[in-house]
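Below is one structure, written out as structure tokens, with a few remarks after it.
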Amino acid sequence: MSVVDTQLHTSVDSHVHHDEHHDHEHHEQSFIRKYIFSEDHKIIAKQFLITGIFWAIIGGVFSVIFRLQLGFPEANLEILRPILGGWITEQGKLDQNFYLALVTMHGTIMVFFVLTAGLSGTFSNFLIPLQIGARDMASGFLNMLSYWFFFASSVVMFASIFIETGPAAGGWVIYPPLSALPQASLGSGLGMTMWLISMALFIVGSLLGSINYVTTVINLRTRGMSMWRLPLTVWAFFLTAVIGILSFPVLFSAALLLIFDRSFGTSFYLDQIYIDGEALHHSGGSALLFQHLFWFLGHPEVYIVLLPALGITSEIIATNARKPIFGYSAMVISMLAITFISFIVWAHHMFVTGMNPFLGSVFMLLTLIIAVPSAVKSFNYITTLWRGNIVFTPAMLFSIGLVSFFISGGVTGIALGNSAIDIQLHDTYFVVAHFHLVMGSASFFGMLAGIYHWFPKMFGRMMDDKLGYVHFWITFVGVYFVFFPMHYIGIAGFPRRYYSWTNFDAFSSYADLNMLISIAAIITLSAQFIFLFNFFYSIFYGRLAPLNPWRSNTLEWTTPRLPGHGNWPGKIPTVYRWPYDYSKPNAKEDFIPQHIPHYETVESNLEHEKVLEEYDRELAKESEIHVSSHSH
Amino acid sequence: MTSLLIITGTILIIALFALVYRILALVNIAKGTHEKRVGFSNTVNGFLFIVFFIVGFGAFFWYSGKAEYLPPPSSEHGVITDNLFWVTTAIITVAFVLTHILLFFFPYWFRFREDRKAYWYPDNTKLELLWTAIPGVVMALLVITGLIEWTKITAPAPEDSVQFEIVGKQFNWMVRYPGKDGKLGKYDYTKIDGTNQLGMDFANDKANFDDFIPREIHIPKGKPVKLNIRARDVLHSVYMPHFRVKMDAVPGMPTTFWFIPTKTTAEMRKELNNDKFNYEMACTEVCGNGHFAMRMVIVVDEPEEFNKWVTEQEPWASQNKDYISSLKLKDFNLADLEK
Ligand code: HEM
Ligand SMILES: [Cu+2]
Ligand SMILES: [Cu+2]
């Protein structure tokens, strides 16, 4: 091995059985079973991650293309012709249909393919078994299917970008009748059909994954790992999966009915339509029905992308502040509250759609309630930093950035949730600013933080810190430069999904601000290549990772540098404490991992933990017996 | 050829970058900088949060002072909702700034030091309750004021409202006024064709005969105005930014919105010192490739001017006698239109 192998052995590995030549060796698998149709949760996690990164690049490039149009409406985009072909008009302008297609694909890709599949798919898969002490997911096979459904869905969505009429173009919310009638828009033809097929596959994949996560967390926790000792990451993934299971099927039905309306002449969403010189036969449907069904998923979806990021942040902030997360149970209760309330706020997206205004009042009330647990979470993060001993790893920087976005984007939700105020703000850039900060950027930062933090466990090597810092600062400043100015543009009333605002006197200001945003977007996107370089380079050439590089408490750091199939070569560690014993008074080190029994830490046990010393001894004895009777 | 050059250039640059990076990494390892738990960068990162805070919030307040917002609302409810918005914004700005002072100063303040241990502080129920209660109370206050306003805005329009119809279609707006009888004639979407674009049902409703379809919207200052909104093909959304009015146009489901305009176009021109100023209506629900171009001008008149304008308009039926006669209505005499 090379000079780079500077293994740092921390105190942790003395507790682990180093059983290099374990009997797992003889079920050596073929390349295809091991890396492609793998049932190992760690490989599947990496598959989700790589696919997610691929989509993030596409989604990011799309946003930069349409930002060029918005920031430089006069510019000649002839140079893009080699890539976009006929979508650049004779005059060197971006085609208007294609503009909408780009916006739609950008939203769909970011929300579903990057921040749902890429985030949950990666980290739920990777961390749930490792952090609860399980050999793998409850069903490796379903887990594999989950990825391959997602893959198939990706292939269909990707192919739709290249068809002649272009991909779906009705916005990521695909409201009918626009999305139902091919004659209404270029993107409502084949592109929309492919969007629906892709999303149907996506939902199946997502459900298979979620069911697996929930089952695994409920059933496969190691000895001693009670629900109240779960790391907040696992709580977050668990609740995310619950939300997914309850809400995605509703989107599935919404999509199915839309398919019927499109292809089989039904009228679920259509009524009294005259288009293209023809009065359609459809009658009796309701366009609002679709919106209700869509947002019944759509709002919980916001938390599907956000909760995992918050879980990841909780873990990273506690670890790197060297302090217990403040208010563990308050954090869990807030997440439970958010999970529940997220299902009863959906119609705040519909205040001015013609929905009964009384319903608007009810939803306004419920919406502003959800702000409370979110506020509690922010305060708890900040208090965790207070009097900490903070180590700024790149993951920690991104986590602090996340909290900042969560607050700056979250507070404007209080304005938008107020139906009287939303009359003016709805569908303006104010909304774009709001959700990009609170859901887009916050979740994105959660994902990046998670990658930096768990990279050593995923690939057995370290990413470079310095590049991480540069990546963080450019991205953090860049994101604020991109999305903060959108508030002003929104307050000035600029509508979203506009190809250009120059038709209106009211929206003719802010050309300068729009240009600034576009430049910032280009710089921010470019900075992601620093990350990509760091990521791929470190996979192959990074410094070899120590076993527990962040001196963390959770179980994944008790596995070998590159855990094999089954995760722990020997027995699965038993858990004796919660995951946040950082800087405990009188403890030898500033962390006590979960698998250290209380009888080994007599000096630091708190008053109420004294009883656990005896209890842990029993538990340890019991696990010894179980292992010998169970072993393979 | 150029693209080939660009590609080779990019690859070379990346390779160079990789090489330099690799050498630096090896040097670092040789020097053993990775043995220490944190390096100097820890202080730098902590400090940068403070710099970011000062520069960021400086820019925020400086720009907020000089940004161009929409002119003050020209409708009665708009004044109130704008007020609500600014009050809410003030409250959330305070929360935003306070939390960020803590969030961005703590990192520097409590950055890692070898000789210190973090303070063991796992929870504090009183604190938790306190900061559950405070946002709770603030939210409650905001909800109540919002609810009261929302209920008023969405209450049924006053009986004496000036009414007209707004129809969204790909890709323009059409408006129809009730004419002398004060009643909008019934419509039927199957009656729509290239001429009768709004599907006015002349056969079944005589009220259609005096309806007129102008190119601009006119409304009177100080009178309640009720919009009857519908769409012909896909969703659209009526958006009148200066009046703080927005309501979707839905095929098959008529919607409404009412408001009281408070400033005439002439008054606005004077106020803004811009004699080209016009009130505008836009579309805010994506409806296809012409979505961004659905502009219509709104003119707010003094009530007398408005009444005069109404009497000057010629009914659509009179302008389209050929169409009316082609309907071959039995109990109808073309000459009636002249009256
Ligand atoms: C490089 C970073 C990004 C930039 C510059 C950017 C920019 C934009 C802009 C300007 C729009 C509005 C376009 C319009 O209304 O005409 C938009 C839409 C959207 N973005 Fe992003 N965005 C970025 C990243 C993200 C991320 C990370 C997410 C994940 C949540 C996201 C989700 C969305 C969604 C859901 C929409 C709405 C799409 C629709 O209207 O149907 N974006 N983006
Ligand atoms: Cu929502
Ligand atoms: Cu539109």
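Every chain in the structure tokens has a letter given in the order shown (A, B, ...), and although residue numbers restart at 1 in each chain, ligands are simply numbered from 1 in the order shown.
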May I have a table of the residues of chain A lying at most 6 Å from ligand 1, giving each one's closest pair of atoms and their distance in Å to one decimal, counting only C-alpha atoms and all ligand atoms, ordered by chain and ascending residue number, as JSON lines?
{"residue": "A:Gly60", "atom": "CA", "partner": "ligand 1", "partner_atom_place_in_ligand_line": "1 (C)", "distance": 4.8}
{"residue": "A:Ser63", "atom": "CA", "partner": "ligand 1", "partner_atom_place_in_ligand_line": "4 (C)", "distance": 5.0}
{"residue": "A:Val64", "atom": "CA", "partner": "ligand 1", "partner_atom_place_in_ligand_line": "5 (C)", "distance": 5.9}
{"residue": "A:Val103", "atom": "CA", "partner": "ligand 1", "partner_atom_place_in_ligand_line": "38 (C)", "distance": 5.2}
{"residue": "A:Thr104", "atom": "CA", "partner": "ligand 1", "partner_atom_place_in_ligand_line": "41 (O)", "distance": 4.5}
{"residue": "A:Gly107", "atom": "CA", "partner": "ligand 1", "partner_atom_place_in_ligand_line": "34 (C)", "distance": 3.6}
{"residue": "A:Met110", "atom": "CA", "partner": "ligand 1", "partner_atom_place_in_ligand_line": "29 (C)", "distance": 4.4}
{"residue": "A:Val111", "atom": "CA", "partner": "ligand 1", "partner_atom_place_in_ligand_line": "30 (C)", "distance": 4.7}
{"residue": "A:Gly171", "atom": "CA", "partner": "ligand 1", "partner_atom_place_in_ligand_line": "41 (O)", "distance": 3.2}
{"residue": "A:Trp172", "atom": "CA", "partner": "ligand 1", "partner_atom_place_in_ligand_line": "41 (O)", "distance": 3.7}
{"residue": "A:Val173", "atom": "CA", "partner": "ligand 1", "partner_atom_place_in_ligand_line": "41 (O)", "distance": 6.0}
{"residue": "A:His436", "atom": "CA", "partner": "ligand 1", "partner_atom_place_in_ligand_line": "31 (C)", "distance": 5.8}
{"residue": "A:Met439", "atom": "CA", "partner": "ligand 1", "partner_atom_place_in_ligand_line": "30 (C)", "distance": 5.5}
{"residue": "A:Gly440", "atom": "CA", "partner": "ligand 1", "partner_atom_place_in_ligand_line": "30 (C)", "distance": 3.4}
{"residue": "A:Ser441", "atom": "CA", "partner": "ligand 1", "partner_atom_place_in_ligand_line": "27 (C)", "distance": 5.4}
{"residue": "A:Phe444", "atom": "CA", "partner": "ligand 1", "partner_atom_place_in_ligand_line": "27 (C)", "distance": 5.8}
{"residue": "A:Arg496", "atom": "CA", "partner": "ligand 1", "partner_atom_place_in_ligand_line": "15 (O)", "distance": 3.8}
{"residue": "A:Arg497", "atom": "CA", "partner": "ligand 1", "partner_atom_place_in_ligand_line": "16 (O)", "distance": 3.0}
{"residue": "A:Tyr498", "atom": "CA", "partner": "ligand 1", "partner_atom_place_in_ligand_line": "16 (O)", "distance": 4.9}
{"residue": "A:Ala521", "atom": "CA", "partner": "ligand 1", "partner_atom_place_in_ligand_line": "5 (C)", "distance": 4.8}
{"residue": "A:Leu525", "atom": "CA", "partner": "ligand 1", "partner_atom_place_in_ligand_line": "1 (C)", "distance": 5.5}
Kindly save the residues from that selection, with C-alpha atoms included, as a PDB file, in the first residue's frame.
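To be explicit, this is the file written out as selection24.pdb:
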ATOM      1  CA  GLY A  60     -28.645  22.335 -12.757  1.00  0.00           C
ATOM      2  CA  SER A  63     -31.721  26.008 -14.759  1.00  0.00           C
ATOM      3  CA  VAL A  64     -28.688  27.806 -16.111  1.00  0.00           C
ATOM      4  CA  VAL A 103     -38.603  24.759 -16.278  1.00  0.00           C
ATOM      5  CA  THR A 104     -40.830  21.710 -15.973  1.00  0.00           C
ATOM      6  CA  GLY A 107     -38.549  21.134 -11.248  1.00  0.00           C
ATOM      7  CA  MET A 110     -34.801  18.388  -8.750  1.00  0.00           C
ATOM      8  CA  VAL A 111     -37.778  17.493  -6.607  1.00  0.00           C
ATOM      9  CA  GLY A 171     -44.847  22.939 -14.909  1.00  0.00           C
ATOM     10  CA  TRP A 172     -43.790  20.234 -12.472  1.00  0.00           C
ATOM     11  CA  VAL A 173     -47.347  20.246 -11.074  1.00  0.00           C
ATOM     12  CA  HIS A 436     -35.796  27.268  -3.359  1.00  0.00           C
ATOM     13  CA  MET A 439     -36.756  23.080   0.271  1.00  0.00           C
ATOM     14  CA  GLY A 440     -34.354  23.269  -2.650  1.00  0.00           C
ATOM     15  CA  SER A 441     -31.218  24.683  -1.134  1.00  0.00           C
ATOM     16  CA  PHE A 444     -29.433  20.147  -1.318  1.00  0.00           C
ATOM     17  CA  ARG A 496     -43.191  32.840 -12.422  1.00  0.00           C
ATOM     18  CA  ARG A 497     -42.867  30.591 -15.475  1.00  0.00           C
ATOM     19  CA  TYR A 498     -42.548  33.659 -17.695  1.00  0.00           C
ATOM     20  CA  ALA A 521     -26.377  30.895 -10.880  1.00  0.00           C
ATOM     21  CA  LEU A 525     -23.271  25.756 -10.760  1.00  0.00           C
TER      22      LEU A 525
END
Please find the residues contacting ligand 2 at a distance of at most 12 Å between atoms, with only C-alpha atoms and all ligand atoms counted, and report them as a compact mmCIF listing (two decimals) with N, CA, C and O atoms, in the first residue's frame.
# COMPACT_ATOMS: atom_id res chain seq x y z
N GLN A 291 -55.85 19.22 -8.63
CA GLN A 291 -54.99 20.01 -7.77
C GLN A 291 -55.01 19.50 -6.34
O GLN A 291 -53.99 19.44 -5.66
N HIS A 292 -56.21 19.10 -5.89
CA HIS A 292 -56.29 18.53 -4.53
C HIS A 292 -55.46 17.26 -4.44
O HIS A 292 -54.70 17.05 -3.50
N PHE A 294 -53.04 16.28 -6.41
CA PHE A 294 -51.61 16.54 -6.58
C PHE A 294 -50.99 17.06 -5.29
O PHE A 294 -49.96 16.58 -4.84
N TRP A 295 -51.62 18.06 -4.69
CA TRP A 295 -50.98 18.65 -3.51
C TRP A 295 -51.11 17.78 -2.28
O TRP A 295 -50.40 17.97 -1.31
N PHE A 296 -52.01 16.82 -2.31
CA PHE A 296 -52.04 15.87 -1.20
C PHE A 296 -50.72 15.10 -1.15
O PHE A 296 -50.26 14.72 -0.08
N LEU A 297 -50.14 14.87 -2.30
CA LEU A 297 -48.75 14.42 -2.31
C LEU A 297 -47.81 15.62 -2.23
O LEU A 297 -46.87 15.63 -1.45
N GLY A 298 -48.10 16.63 -3.06
CA GLY A 298 -47.15 17.72 -3.28
C GLY A 298 -46.68 18.38 -2.01
O GLY A 298 -45.50 18.65 -1.86
N HIS A 299 -47.59 18.62 -1.08
CA HIS A 299 -47.07 19.25 0.13
C HIS A 299 -46.25 18.30 0.99
O HIS A 299 -45.13 18.63 1.35
N PRO A 300 -46.78 17.11 1.31
CA PRO A 300 -45.91 16.18 2.05
C PRO A 300 -44.57 15.97 1.35
O PRO A 300 -43.54 15.79 2.00
N GLU A 301 -44.57 16.03 0.04
CA GLU A 301 -43.33 15.87 -0.73
C GLU A 301 -42.26 16.87 -0.27
O GLU A 301 -41.07 16.55 -0.21
N VAL A 302 -42.71 18.07 0.07
CA VAL A 302 -41.76 19.06 0.58
C VAL A 302 -41.02 18.49 1.79
O VAL A 302 -39.80 18.65 1.93
N TYR A 303 -41.75 17.81 2.64
CA TYR A 303 -41.12 17.24 3.83
C TYR A 303 -40.40 15.96 3.51
O TYR A 303 -39.47 15.57 4.22
N ILE A 304 -40.81 15.28 2.45
CA ILE A 304 -40.07 14.09 2.03
C ILE A 304 -38.65 14.51 1.63
O ILE A 304 -37.69 13.80 1.89
N ILE A 338 -44.62 17.41 12.43
CA ILE A 338 -44.50 17.83 11.03
C ILE A 338 -45.08 16.76 10.11
O ILE A 338 -45.81 17.05 9.17
N ILE A 341 -48.92 16.99 10.47
CA ILE A 341 -49.53 18.22 9.95
C ILE A 341 -49.28 18.35 8.44
O ILE A 341 -50.09 18.94 7.73
N SER A 342 -48.18 17.75 7.95
CA SER A 342 -47.89 17.92 6.53
C SER A 342 -49.01 17.37 5.64
O SER A 342 -49.11 17.73 4.48
N PHE A 343 -49.84 16.52 6.23
CA PHE A 343 -50.93 15.95 5.44
C PHE A 343 -52.18 16.82 5.41
O PHE A 343 -53.12 16.54 4.68
N ILE A 344 -52.22 17.83 6.25
CA ILE A 344 -53.47 18.59 6.31
C ILE A 344 -53.24 20.07 6.01
O ILE A 344 -53.95 20.93 6.49
N VAL A 345 -52.26 20.34 5.19
CA VAL A 345 -52.04 21.74 4.81
C VAL A 345 -52.05 21.94 3.30
O VAL A 345 -51.81 23.03 2.81
N TRP A 346 -52.34 20.84 2.55
CA TRP A 346 -52.06 20.90 1.12
C TRP A 346 -52.74 22.04 0.37
O TRP A 346 -52.18 22.58 -0.56
N ALA A 347 -53.94 22.42 0.82
CA ALA A 347 -54.67 23.38 0.00
C ALA A 347 -54.15 24.81 0.16
O ALA A 347 -54.70 25.73 -0.44
N HIS A 348 -53.06 25.00 0.94
CA HIS A 348 -52.49 26.36 0.96
C HIS A 348 -51.85 26.69 -0.39
O HIS A 348 -51.46 27.82 -0.62
N HIS A 349 -51.74 25.69 -1.24
CA HIS A 349 -51.27 25.98 -2.60
C HIS A 349 -52.41 26.42 -3.50
O HIS A 349 -52.22 26.66 -4.68
N MET A 350 -53.61 26.46 -2.94
CA MET A 350 -54.79 26.63 -3.78
C MET A 350 -55.70 27.76 -3.32
O MET A 350 -56.87 27.79 -3.67
N PHE A 351 -55.15 28.71 -2.55
CA PHE A 351 -56.00 29.77 -2.01
C PHE A 351 -56.77 30.51 -3.10
O PHE A 351 -57.92 30.86 -2.91
N PHE A 363 -57.29 26.01 5.93
CA PHE A 363 -55.93 25.62 5.58
C PHE A 363 -54.90 26.65 6.00
O PHE A 363 -53.75 26.32 6.26
N MET A 364 -55.33 27.91 6.06
CA MET A 364 -54.40 28.92 6.54
C MET A 364 -54.07 28.65 8.01
O MET A 364 -52.90 28.70 8.42
N LEU A 366 -54.19 25.77 9.66
CA LEU A 366 -53.35 24.58 9.80
C LEU A 366 -51.92 24.85 9.33
O LEU A 366 -50.95 24.37 9.93
N THR A 367 -51.81 25.67 8.28
CA THR A 367 -50.48 25.94 7.73
C THR A 367 -49.62 26.68 8.73
O THR A 367 -48.45 26.38 8.92
N LEU A 368 -50.21 27.68 9.38
CA LEU A 368 -49.38 28.45 10.29
C LEU A 368 -49.02 27.64 11.53
O LEU A 368 -48.03 27.91 12.18
N ILE A 370 -47.97 24.57 11.41
CA ILE A 370 -46.78 23.76 11.09
C ILE A 370 -45.50 24.58 11.26
O ILE A 370 -44.41 24.03 11.38
N ALA A 371 -45.64 25.90 11.28
CA ALA A 371 -44.45 26.74 11.47
C ALA A 371 -43.86 26.52 12.86
O ALA A 371 -42.66 26.69 13.07
N GLY A 410 -37.87 29.53 5.48
CA GLY A 410 -39.04 29.18 6.28
C GLY A 410 -39.86 30.38 6.70
O GLY A 410 -41.09 30.36 6.64
N GLY A 413 -42.48 31.60 4.47
CA GLY A 413 -43.66 30.74 4.43
C GLY A 413 -44.77 31.29 5.30
O GLY A 413 -45.96 31.07 5.02
N ILE A 414 -44.39 32.02 6.33
CA ILE A 414 -45.40 32.60 7.21
C ILE A 414 -46.21 33.66 6.45
O ILE A 414 -47.41 33.80 6.65
N LEU A 416 -46.57 33.58 3.08
CA LEU A 416 -47.31 32.89 2.02
C LEU A 416 -48.48 32.08 2.57
O LEU A 416 -49.48 31.88 1.89
N GLY A 417 -48.32 31.59 3.80
CA GLY A 417 -49.38 30.77 4.38
C GLY A 417 -50.59 31.58 4.77
O GLY A 417 -51.65 31.03 5.09
N VAL A 431 -42.57 33.21 -4.36
CA VAL A 431 -42.74 31.78 -4.10
C VAL A 431 -41.49 31.02 -4.54
O VAL A 431 -41.01 30.12 -3.84
N HIS A 434 -38.93 31.54 -1.97
CA HIS A 434 -39.27 30.79 -0.74
C HIS A 434 -38.93 29.32 -0.85
O HIS A 434 -38.19 28.78 -0.04
N PHE A 435 -39.44 28.66 -1.89
CA PHE A 435 -39.25 27.21 -1.87
C PHE A 435 -37.85 26.79 -2.30
O PHE A 435 -37.38 25.73 -1.92
N VAL A 438 -36.03 27.11 1.22
CA VAL A 438 -36.41 26.21 2.31
C VAL A 438 -36.38 24.75 1.89
O VAL A 438 -36.03 23.87 2.65
N MET A 439 -36.74 24.49 0.65
CA MET A 439 -36.76 23.08 0.27
C MET A 439 -35.62 22.75 -0.69
O MET A 439 -34.90 21.78 -0.50
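A straight line drawn from atom CA of Gly360 of chain A to atom CA of Pro373 of chain A is 21.6 Å long.
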Please check which protein, DNA or RNA residues sit within 10 Å of ligand 3, counting only C-alpha atoms and all ligand atoms, and write them as number ranges by chain.
A: 495, 497-498; B: 168-173, 234-239, 248-249, 282-295
Restricting the calculation to only C-alpha atoms, which member of B:Pro107, B:Arg37, B:Phe96, B:Asp233 is positioned closest to His282 of chain A?
B:Asp233
Fewer than 2 positions away in the same chain doesn't count, so skip those; otherwise give me all residues within 8 Å of segment 211-215 of chain A, counting only C-alpha atoms, as an MDAnalysis selection string.
chainID A and resid 124:125 128 137:139 142:143 207:209 217:220 237:238 241:242 245
Got a sec: who's within 7 Å of segment 149-161 of chain A, counting only C-alpha atoms, leaving out chain neighbours fewer than 2 positions off, as a PyMOL selection string?
chain A and resi 145-147+163+166-167+191+194-195+198-199+201-202+204-205
